[in-house]
Amino acid sequence: MPIVGLWKVSKDTCADNVYAALKAGYRLLDGACDDGNEKEAGEGLKRAIADGIVKREEVFVTSKAGCGLDTTEMRH
């Protein structure tokens with residue numbers, strides 16, 4: 001896993017930025033529900049896999065649920 005990597009991107013550039021980051025050697029994608037770009041991040045990852053840049057098992061994908069999603073129903 002990489003030691004450091006700090007960036008947050010908008011929806012319109014997310015797929016290309018994720019693709020470029022994976023091509024540059026990043027292997028940790030850390031998102032959050034509040035970022036609202038999970039679909040686009042997945043598109044960048046999917047393209048990098050299809051182009052042979054990474055294998056899925058080489059990439060760590062983490063996320064966090066937003067505060068508004070922390071409900072009793074979700075914990076049961």
# chains A, B, ... in the order shown; residues from 1 in each chain; ligands from 1
>>> residues_around(residues="Gly25 of chain A", least_positions_apart="4", cutoff="10 Å", atoms="only C-alpha atoms", output="VMD selection string")
chain A and resid 2 20 to 21 53 to 54
>>> residues_around(residues="Glu58 of chain A", least_positions_apart="3", cutoff="12 Å", atoms="only C-alpha atoms", output="MDAnalysis selection string")
chainID A and resid 1:2 22 25:29 45 48:49 52:55 61
>>> closest_residue(among="A:Val18, A:Lys39, A:Val9, A:Cys33", to="Val59 of chain A", atoms="only C-alpha atoms")
A:Val18
>>> atom_distance(atom1="atom CA of Ala50 of chain A", atom2="atom CA of Ala65 of chain A")
28.2 Å
>>> residues_around(residues="Asp30 of chain A", least_positions_apart="2", cutoff="9 Å", atoms="only C-alpha atoms", output="MDAnalysis selection string")
chainID A and resid 28 32 60:64
>>> atom_distance(atom1="atom CA of Glu38 of chain A", atom2="atom CA of Asp16 of chain A")
13.0 Å
>>> decode(residues="segment 8-22 of chain A", atoms="all heavy atoms", output="PDB file, in the first residue's frame")
ATOM      1  N   LYS A   8      -8.759  14.884  -3.684  1.00  0.00           N
ATOM      2  CA  LYS A   8     -10.208  14.729  -3.823  1.00  0.00           C
ATOM      3  C   LYS A   8     -10.580  15.383  -5.142  1.00  0.00           C
ATOM      4  O   LYS A   8     -10.122  16.485  -5.426  1.00  0.00           O
ATOM      5  CB  LYS A   8     -10.922  15.406  -2.660  1.00  0.00           C
ATOM      6  CG  LYS A   8     -12.423  15.298  -2.741  1.00  0.00           C
ATOM      7  CD  LYS A   8     -13.072  15.953  -1.535  1.00  0.00           C
ATOM      8  CE  LYS A   8     -14.564  15.950  -1.662  1.00  0.00           C
ATOM      9  NZ  LYS A   8     -15.208  16.542  -0.509  1.00  0.00           N
ATOM     10  N   VAL A   9     -11.376  14.703  -5.930  1.00  0.00           N
ATOM     11  CA  VAL A   9     -11.688  15.223  -7.256  1.00  0.00           C
ATOM     12  C   VAL A   9     -13.185  15.294  -7.492  1.00  0.00           C
ATOM     13  O   VAL A   9     -13.969  14.571  -6.875  1.00  0.00           O
ATOM     14  CB  VAL A   9     -11.031  14.374  -8.365  1.00  0.00           C
ATOM     15  CG1 VAL A   9      -9.521  14.451  -8.278  1.00  0.00           C
ATOM     16  CG2 VAL A   9     -11.479  12.941  -8.296  1.00  0.00           C
ATOM     17  N   SER A  10     -13.569  16.147  -8.414  1.00  0.00           N
ATOM     18  CA  SER A  10     -14.980  16.301  -8.759  1.00  0.00           C
ATOM     19  C   SER A  10     -15.421  15.184  -9.703  1.00  0.00           C
ATOM     20  O   SER A  10     -14.601  14.490 -10.293  1.00  0.00           O
ATOM     21  CB  SER A  10     -15.204  17.663  -9.414  1.00  0.00           C
ATOM     22  OG  SER A  10     -14.490  17.730 -10.634  1.00  0.00           O
ATOM     23  N   LYS A  11     -16.721  15.045  -9.852  1.00  0.00           N
ATOM     24  CA  LYS A  11     -17.273  14.008 -10.716  1.00  0.00           C
ATOM     25  C   LYS A  11     -16.756  14.093 -12.146  1.00  0.00           C
ATOM     26  O   LYS A  11     -16.464  13.080 -12.759  1.00  0.00           O
ATOM     27  CB  LYS A  11     -18.802  14.100 -10.742  1.00  0.00           C
ATOM     28  CG  LYS A  11     -19.490  13.507  -9.567  1.00  0.00           C
ATOM     29  CD  LYS A  11     -20.997  13.580  -9.796  1.00  0.00           C
ATOM     30  CE  LYS A  11     -21.738  12.800  -8.753  1.00  0.00           C
ATOM     31  NZ  LYS A  11     -23.172  12.773  -9.030  1.00  0.00           N
ATOM     32  N   ASP A  12     -16.665  15.309 -12.666  1.00  0.00           N
ATOM     33  CA  ASP A  12     -16.327  15.459 -14.083  1.00  0.00           C
ATOM     34  C   ASP A  12     -14.891  15.064 -14.420  1.00  0.00           C
ATOM     35  O   ASP A  12     -14.591  14.789 -15.579  1.00  0.00           O
ATOM     36  CB  ASP A  12     -16.642  16.875 -14.576  1.00  0.00           C
ATOM     37  CG  ASP A  12     -15.897  17.956 -13.818  1.00  0.00           C
ATOM     38  OD1 ASP A  12     -15.504  17.731 -12.659  1.00  0.00           O
ATOM     39  OD2 ASP A  12     -15.708  19.037 -14.396  1.00  0.00           O
ATOM     40  N   THR A  13     -14.003  14.999 -13.445  1.00  0.00           N
ATOM     41  CA  THR A  13     -12.621  14.593 -13.720  1.00  0.00           C
ATOM     42  C   THR A  13     -12.219  13.320 -12.981  1.00  0.00           C
ATOM     43  O   THR A  13     -11.098  12.841 -13.152  1.00  0.00           O
ATOM     44  CB  THR A  13     -11.637  15.712 -13.322  1.00  0.00           C
ATOM     45  OG1 THR A  13     -11.740  15.958 -11.915  1.00  0.00           O
ATOM     46  CG2 THR A  13     -11.892  16.990 -14.099  1.00  0.00           C
ATOM     47  N   CYS A  14     -13.109  12.774 -12.192  1.00  0.00           N
ATOM     48  CA  CYS A  14     -12.769  11.658 -11.311  1.00  0.00           C
ATOM     49  C   CYS A  14     -12.255  10.425 -12.067  1.00  0.00           C
ATOM     50  O   CYS A  14     -11.207   9.881 -11.716  1.00  0.00           O
ATOM     51  CB  CYS A  14     -13.963  11.287 -10.448  1.00  0.00           C
ATOM     52  SG  CYS A  14     -13.581  10.011  -9.242  1.00  0.00           S
ATOM     53  N   ALA A  15     -12.970   9.953 -13.061  1.00  0.00           N
ATOM     54  CA  ALA A  15     -12.560   8.735 -13.777  1.00  0.00           C
ATOM     55  C   ALA A  15     -11.164   8.900 -14.367  1.00  0.00           C
ATOM     56  O   ALA A  15     -10.316   8.006 -14.228  1.00  0.00           O
ATOM     57  CB  ALA A  15     -13.574   8.389 -14.863  1.00  0.00           C
ATOM     58  N   ASP A  16     -10.898  10.019 -15.007  1.00  0.00           N
ATOM     59  CA  ASP A  16      -9.582  10.252 -15.604  1.00  0.00           C
ATOM     60  C   ASP A  16      -8.494  10.375 -14.539  1.00  0.00           C
ATOM     61  O   ASP A  16      -7.377   9.887 -14.725  1.00  0.00           O
ATOM     62  CB  ASP A  16      -9.596  11.509 -16.480  1.00  0.00           C
ATOM     63  CG  ASP A  16     -10.398  11.315 -17.754  1.00  0.00           C
ATOM     64  OD1 ASP A  16     -10.576  10.155 -18.195  1.00  0.00           O
ATOM     65  OD2 ASP A  16     -10.852  12.331 -18.315  1.00  0.00           O
ATOM     66  N   ASN A  17      -8.814  11.005 -13.405  1.00  0.00           N
ATOM     67  CA  ASN A  17      -7.823  11.144 -12.334  1.00  0.00           C
ATOM     68  C   ASN A  17      -7.518   9.803 -11.665  1.00  0.00           C
ATOM     69  O   ASN A  17      -6.359   9.523 -11.345  1.00  0.00           O
ATOM     70  CB  ASN A  17      -8.286  12.162 -11.292  1.00  0.00           C
ATOM     71  CG  ASN A  17      -8.063  13.578 -11.761  1.00  0.00           C
ATOM     72  OD1 ASN A  17      -6.964  13.931 -12.167  1.00  0.00           O
ATOM     73  ND2 ASN A  17      -9.090  14.394 -11.716  1.00  0.00           N
ATOM     74  N   VAL A  18      -8.532   8.983 -11.464  1.00  0.00           N
ATOM     75  CA  VAL A  18      -8.304   7.656 -10.892  1.00  0.00           C
ATOM     76  C   VAL A  18      -7.452   6.829 -11.850  1.00  0.00           C
ATOM     77  O   VAL A  18      -6.486   6.179 -11.437  1.00  0.00           O
ATOM     78  CB  VAL A  18      -9.640   6.946 -10.577  1.00  0.00           C
ATOM     79  CG1 VAL A  18      -9.435   5.460 -10.308  1.00  0.00           C
ATOM     80  CG2 VAL A  18     -10.312   7.611  -9.390  1.00  0.00           C
ATOM     81  N   TYR A  19      -7.775   6.872 -13.115  1.00  0.00           N
ATOM     82  CA  TYR A  19      -7.007   6.147 -14.123  1.00  0.00           C
ATOM     83  C   TYR A  19      -5.544   6.599 -14.111  1.00  0.00           C
ATOM     84  O   TYR A  19      -4.629   5.773 -14.076  1.00  0.00           O
ATOM     85  CB  TYR A  19      -7.632   6.378 -15.504  1.00  0.00           C
ATOM     86  CG  TYR A  19      -6.943   5.629 -16.614  1.00  0.00           C
ATOM     87  CD1 TYR A  19      -7.337   4.342 -16.950  1.00  0.00           C
ATOM     88  CD2 TYR A  19      -5.910   6.203 -17.341  1.00  0.00           C
ATOM     89  CE1 TYR A  19      -6.718   3.642 -17.972  1.00  0.00           C
ATOM     90  CE2 TYR A  19      -5.278   5.517 -18.361  1.00  0.00           C
ATOM     91  CZ  TYR A  19      -5.687   4.236 -18.676  1.00  0.00           C
ATOM     92  OH  TYR A  19      -5.065   3.551 -19.684  1.00  0.00           O
ATOM     93  N   ALA A  20      -5.329   7.912 -14.115  1.00  0.00           N
ATOM     94  CA  ALA A  20      -3.962   8.447 -14.116  1.00  0.00           C
ATOM     95  C   ALA A  20      -3.216   8.075 -12.831  1.00  0.00           C
ATOM     96  O   ALA A  20      -2.020   7.752 -12.866  1.00  0.00           O
ATOM     97  CB  ALA A  20      -3.992   9.960 -14.286  1.00  0.00           C
ATOM     98  N   ALA A  21      -3.908   8.112 -11.702  1.00  0.00           N
ATOM     99  CA  ALA A  21      -3.272   7.752 -10.428  1.00  0.00           C
ATOM    100  C   ALA A  21      -2.853   6.284 -10.428  1.00  0.00           C
ATOM    101  O   ALA A  21      -1.742   5.949  -9.998  1.00  0.00           O
ATOM    102  CB  ALA A  21      -4.225   8.037  -9.268  1.00  0.00           C
ATOM    103  N   LEU A  22      -3.717   5.409 -10.920  1.00  0.00           N
ATOM    104  CA  LEU A  22      -3.376   3.993 -10.989  1.00  0.00           C
ATOM    105  C   LEU A  22      -2.216   3.768 -11.946  1.00  0.00           C
ATOM    106  O   LEU A  22      -1.313   2.977 -11.665  1.00  0.00           O
ATOM    107  CB  LEU A  22      -4.606   3.169 -11.401  1.00  0.00           C
ATOM    108  CG  LEU A  22      -5.724   3.133 -10.359  1.00  0.00           C
ATOM    109  CD1 LEU A  22      -6.999   2.578 -10.968  1.00  0.00           C
ATOM    110  CD2 LEU A  22      -5.302   2.335  -9.131  1.00  0.00           C
TER     111      LEU A  22
END
